[in-house]
Amino acid sequence: SNYSDYQQYLFNRICKYKHHFLTPIGYRKISQIFNEEGLKTPRGSIFKNNHVHSIYKKGKIREERINRGDIVEVSQPIIEVLK
């Protein structure tokens, strides 16, 4: 499934707040920042800490799924004569 541009934007902003500061900002503070800026959730409601957590958690799962290497193993075929 593809993220919309807005969903990707929100996920990137949340990751920036969680990873790029000396002390990571919590979900509640991030939701307050988004509400002060007038941002809405992808479904159009105000942000709460659980929305921020859900976007972050599901975005991380999505990144892992997209970036994982598939394991493909090819073996010699076995040929048998049927009677």
# chains A, B, ... in the order shown; residues from 1 in each chain; ligands from 1

$ closest_atom_pairs --of "region 6-46 of chain A" --to "region 55-64 of chain A" --cutoff "9 Å" --atoms "only C-alpha atoms" --output "Markdown table"
| residue | atom | partner | partner_atom | distance |
| --- | --- | --- | --- | --- |
| A:Gln7 | CA | A:Ile55 | CA | 8.3 |
| A:Gln8 | CA | A:Gly59 | CA | 8.6 |
| A:Leu10 | CA | A:Ile55 | CA | 7.9 |
| A:Phe11 | CA | A:Tyr56 | CA | 6.2 |
| A:Asn12 | CA | A:Tyr56 | CA | 9.0 |
| A:Ile14 | CA | A:Tyr56 | CA | 6.7 |
| A:Cys15 | CA | A:Tyr56 | CA | 7.2 |

$ select_by_dssp --residues "chain A" --states "helix (DSSP H, G or I)" --output "MDAnalysis selection string"
chainID A and resid 5:19 27:36 49:67

$ write_last_selection --atoms "N, CA and C atoms" --output "CSV table (one decimal), in the first residue's frame"
chain,number,residue,atom,x,y,z
A,5,ASP,N,1.1,11.7,0.0
A,5,ASP,CA,2.1,12.6,0.3
A,5,ASP,C,2.0,13.2,1.7
A,6,TYR,N,0.8,13.4,2.2
A,6,TYR,CA,0.5,13.9,3.5
A,6,TYR,C,0.9,12.9,4.6
A,7,GLN,N,0.6,11.7,4.4
A,7,GLN,CA,0.9,10.6,5.4
A,7,GLN,C,2.4,10.5,5.5
A,8,GLN,N,3.1,10.6,4.3
A,8,GLN,CA,4.6,10.5,4.3
A,8,GLN,C,5.2,11.7,5.0
A,9,TYR,N,4.6,12.9,4.8
A,9,TYR,CA,5.0,14.1,5.4
A,9,TYR,C,4.9,14.0,6.9
A,10,LEU,N,3.8,13.5,7.4
A,10,LEU,CA,3.6,13.4,8.9
A,10,LEU,C,4.6,12.4,9.5
A,11,PHE,N,4.8,11.2,8.8
A,11,PHE,CA,5.7,10.2,9.3
A,11,PHE,C,7.1,10.8,9.4
A,12,ASN,N,7.5,11.5,8.3
A,12,ASN,CA,8.9,12.1,8.3
A,12,ASN,C,9.1,13.1,9.4
A,13,ARG,N,8.0,13.9,9.7
A,13,ARG,CA,8.1,14.9,10.8
A,13,ARG,C,8.2,14.2,12.1
A,14,ILE,N,7.4,13.2,12.3
A,14,ILE,CA,7.5,12.5,13.6
A,14,ILE,C,8.8,11.8,13.8
A,15,CYS,N,9.4,11.2,12.8
A,15,CYS,CA,10.7,10.6,12.9
A,15,CYS,C,11.8,11.7,13.2
A,16,LYS,N,11.6,12.8,12.6
A,16,LYS,CA,12.6,13.9,12.9
A,16,LYS,C,12.5,14.3,14.3
A,17,TYR,N,11.4,14.4,14.9
A,17,TYR,CA,11.2,14.8,16.3
A,17,TYR,C,11.7,13.6,17.2
A,18,LYS,N,11.5,12.4,16.8
A,18,LYS,CA,11.9,11.2,17.6
A,18,LYS,C,13.4,10.9,17.6
A,19,HIS,N,14.1,11.3,16.5
A,19,HIS,CA,15.5,10.8,16.3
A,19,HIS,C,16.5,11.9,16.2
A,27,TYR,N,5.4,11.6,22.4
A,27,TYR,CA,4.2,11.6,21.5
A,27,TYR,C,3.3,12.8,21.8
A,28,ARG,N,3.1,13.0,23.1
A,28,ARG,CA,2.1,14.1,23.5
A,28,ARG,C,2.6,15.4,23.1
A,29,LYS,N,3.9,15.7,23.2
A,29,LYS,CA,4.4,17.0,22.8
A,29,LYS,C,4.4,17.2,21.3
A,30,ILE,N,4.6,16.1,20.6
A,30,ILE,CA,4.5,16.1,19.1
A,30,ILE,C,3.1,16.4,18.7
A,31,SER,N,2.1,15.8,19.3
A,31,SER,CA,0.7,16.1,19.0
A,31,SER,C,0.4,17.5,19.3
A,32,GLN,N,0.9,18.1,20.4
A,32,GLN,CA,0.7,19.5,20.7
A,32,GLN,C,1.3,20.4,19.6
A,33,ILE,N,2.5,20.1,19.1
A,33,ILE,CA,3.1,20.9,18.1
A,33,ILE,C,2.3,20.8,16.8
A,34,PHE,N,1.8,19.7,16.4
A,34,PHE,CA,1.0,19.5,15.2
A,34,PHE,C,-0.3,20.3,15.3
A,35,ASN,N,-0.9,20.2,16.5
A,35,ASN,CA,-2.2,21.0,16.7
A,35,ASN,C,-2.0,22.5,16.7
A,36,GLU,N,-0.8,23.0,17.2
A,36,GLU,CA,-0.5,24.4,17.2
A,36,GLU,C,-0.3,24.9,15.7
A,49,ASN,N,-1.9,12.0,21.3
A,49,ASN,CA,-0.7,11.2,21.4
A,49,ASN,C,-0.8,9.8,20.8
A,50,ASN,N,-2.0,9.2,20.9
A,50,ASN,CA,-2.1,7.9,20.3
A,50,ASN,C,-2.1,7.9,18.8
A,51,HIS,N,-2.5,9.0,18.2
A,51,HIS,CA,-2.4,9.1,16.7
A,51,HIS,C,-1.0,9.2,16.3
A,52,VAL,N,-0.2,10.0,17.0
A,52,VAL,CA,1.2,10.1,16.7
A,52,VAL,C,1.9,8.8,16.8
A,53,HIS,N,1.6,8.1,17.9
A,53,HIS,CA,2.3,6.8,18.2
A,53,HIS,C,1.9,5.8,17.1
A,54,SER,N,0.6,5.8,16.6
A,54,SER,CA,0.2,4.8,15.6
A,54,SER,C,0.9,5.1,14.3
A,55,ILE,N,1.0,6.4,13.9
A,55,ILE,CA,1.6,6.7,12.6
A,55,ILE,C,3.1,6.3,12.7
A,56,TYR,N,3.7,6.5,13.8
A,56,TYR,CA,5.1,6.2,13.9
A,56,TYR,C,5.3,4.7,13.9
A,57,LYS,N,4.6,3.9,14.7
A,57,LYS,CA,4.7,2.5,14.7
A,57,LYS,C,4.4,1.8,13.4
A,58,LYS,N,3.3,2.2,12.8
A,58,LYS,CA,3.0,1.6,11.5
A,58,LYS,C,3.9,2.0,10.4
A,59,GLY,N,4.4,3.2,10.4
A,59,GLY,CA,5.4,3.7,9.5
A,59,GLY,C,6.7,2.9,9.6
A,60,LYS,N,7.1,2.6,10.8
A,60,LYS,CA,8.4,1.8,11.0
A,60,LYS,C,8.2,0.4,10.4
A,61,ILE,N,7.0,-0.2,10.7
A,61,ILE,CA,6.7,-1.6,10.2
A,61,ILE,C,6.7,-1.5,8.6
A,62,ARG,N,6.1,-0.5,8.0
A,62,ARG,CA,6.1,-0.4,6.6
A,62,ARG,C,7.5,-0.2,6.0
A,63,GLU,N,8.4,0.6,6.7
A,63,GLU,CA,9.7,0.8,6.2
A,63,GLU,C,10.5,-0.6,6.2
A,64,GLU,N,10.3,-1.3,7.3
A,64,GLU,CA,11.0,-2.6,7.4
A,64,GLU,C,10.6,-3.6,6.3
A,65,ARG,N,9.3,-3.6,6.0
A,65,ARG,CA,8.7,-4.5,5.0
A,65,ARG,C,9.3,-4.1,3.6
A,66,ILE,N,9.3,-2.8,3.3
A,66,ILE,CA,9.8,-2.3,2.0
A,66,ILE,C,11.3,-2.6,1.9
A,67,ASN,N,12.1,-2.4,2.9
A,67,ASN,CA,13.5,-2.5,2.8
A,67,ASN,C,14.1,-3.8,3.1

$ atom_distance --atom1 "CA of Thr41 (chain A)" --atom2 "CA of Ser4 (chain A)"
12.2 Å
